[in-house]
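Asks: Following this message is one structure expressed as C-alpha cells.
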Amino acid sequence: FRSVQYVKASSELGVIGGLSLTGSIEQVKADEEELYGTIGTVLSTFIGDIATELYVTSIDDVNAYELVSSYAVNLFGIDSIVSVTTEEGGQYTADIAVGTDLDITEHFVIAVGVEYGQSFEYDTDYTYTLATIGVQTTLDHLTVFANLNYLNNDLNTAQGTDGEWESTSDFGVALNF
C-alpha cells in the first residue's frame, strides 16, 4: 500500500455562448515533487464538446508540454471521449474512452468506464486498456469518492509481467463551489 497526497484546483469560465476557458493546477507529493497545470478552451455544441488544452508538467524542476485535443459526446447516457495528445518530441497518443454514472440515489453514484489507447513515435510504443469503477456521495458542495482502477499495457508485458492487470485505488474529498 502506497499513499500519495495531492491537491487540485480547477475552474471553467464561460466566455461567449458555448465557448469556455478552462484551467487547473495540481500538486502531488510522492517520491518526487510534481506540479501539473492546464489551460485550454472548450466549445460546447449540440453535437458534443470540442476541447483543446495545453498541459504543463514539472517533475523535480524538469518541464514537459503536451497539447491535447478531444471530442466528447453523450449518447444514450454513455459519455464518450476521443482524444489525441501531442508531445514536444513528436510523440503522440490516441485514446477512446466510454463511461457512465449509475445514479443509485440523489446523493450516491457508481461510475464505471473503460479506456483504450495507443502511442506512436515513442522509442517503445505501447497500447493500454484502463478499466475503472468508483463510488461517490455528494452532500451540498462536498463529494467523497473512492475509485478502483485496473490497467493492462504492453509495457507491462515488455517488463516480464505477461500482460497482467495492475490495480490502483484513489480515495478523496472534493469541494465544489
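Identifiers in the C-alpha cells: chain A, B, ... in order shown; residue index from 1 per chain; ligand index from 1 in order shown.
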At a cut-off of 8 Å, using only C-alpha atoms, what residues contact A:Val173? Leave out same-chain residues fewer than 3 positions from it and give the result as a PyMOL selection string.

Replies: chain A and resi 142-145

Asks: Could you write out that same residue set with C-alpha atoms as a tab-separated table (two decimals), in the first residue's frame?

Replies:
chain	number	residue	atom	x	y	z
A	142	LEU	CA	-18.78	18.20	-0.58
A	143	THR	CA	-18.06	15.00	-2.51
A	144	VAL	CA	-16.39	11.92	-1.04
A	145	PHE	CA	-15.14	9.38	-3.59

Asks: Identify all residues of stretch 47-159 of chain A in strand (DSSP E or B) (DSSP on the backbone) and supply them as a PyMOL selection string.

Replies: chain A and resi 48-59+62-75+78-87+92-105+108-120+127-139+142-153

Asks: Could you pull the residues within 8 Å of stretch 97-104 of chain A, counting only C-alpha atoms, minus those fewer than 3 positions along the same chain, as a list in words?

Replies: Gly77, Ile78, Asp79, Ser80, Ile81, Val82, His107, Phe108, Val109, Ile110, Ala111, Val112, Gly113, Val114, Glu115 and Tyr116 of chain A

Asks: If we count only C-alpha atoms and set the cut-off at 10 Å, which residues sit around stretch 58-60 of chain A, ignoring sequence neighbours fewer than 5 positions away in its own chain? Please answer as JSON, numbers by chain.

Replies: {"A": [27, 28, 31, 32, 33, 34, 35, 36, 37, 65]}

Asks: So what do you get for atom CA of A:Thr127 versus atom CA of A:Glu87, distance-wise?

Replies: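 Here the two named atoms are 16.7 Å from each other.
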
Asks: Could you check which of A:Thr85, A:Thr137, A:Gly90, A:Ala9 is closest to A:Thr105, using only C-alpha atoms?

Replies: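 With only C-alpha atoms as the atom set, the closest residue is A:Thr137.
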
Asks: Can you tell me which residues surround A:Leu67 at a distance of at most 10 Å, considering only C-alpha atoms, apart from same-chain residues fewer than 4 positions away, and format the answer as a list in words?

Replies: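 These residues fall inside the cut-off: Thr38, Gly40, Thr52, Glu53, Leu54, Tyr55, Val56, Val84, Thr85, Thr86, Glu87, Glu88 and Tyr92 of chain A.
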
Asks: Atom CA of A:Glu106 and atom CA of A:Val42 are how many Å apart?

Replies: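 Going from atom CA of A:Glu106 over to atom CA of A:Val42 covers 28.1 Å.
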
Asks: Got a sec: who's within 7 Å of A:Glu166, counting only C-alpha atoms, leaving out chain neighbours fewer than 2 positions off, as a PDB file with C-alpha atoms, in the first residue's frame?

Replies:
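Okay, around-v3.pdb is ready:
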ATOM      1  CA  TYR A 150      -7.238  -1.721 -13.459  1.00  0.00           C
ATOM      2  CA  LEU A 151      -4.515  -1.143 -16.081  1.00  0.00           C
ATOM      3  CA  ASN A 152      -3.117  -3.530 -18.666  1.00  0.00           C
ATOM      4  CA  GLU A 164      -1.178  -8.873 -16.043  1.00  0.00           C
ATOM      5  CA  THR A 168      -4.616   1.105  -8.047  1.00  0.00           C
TER       6      THR A 168
END
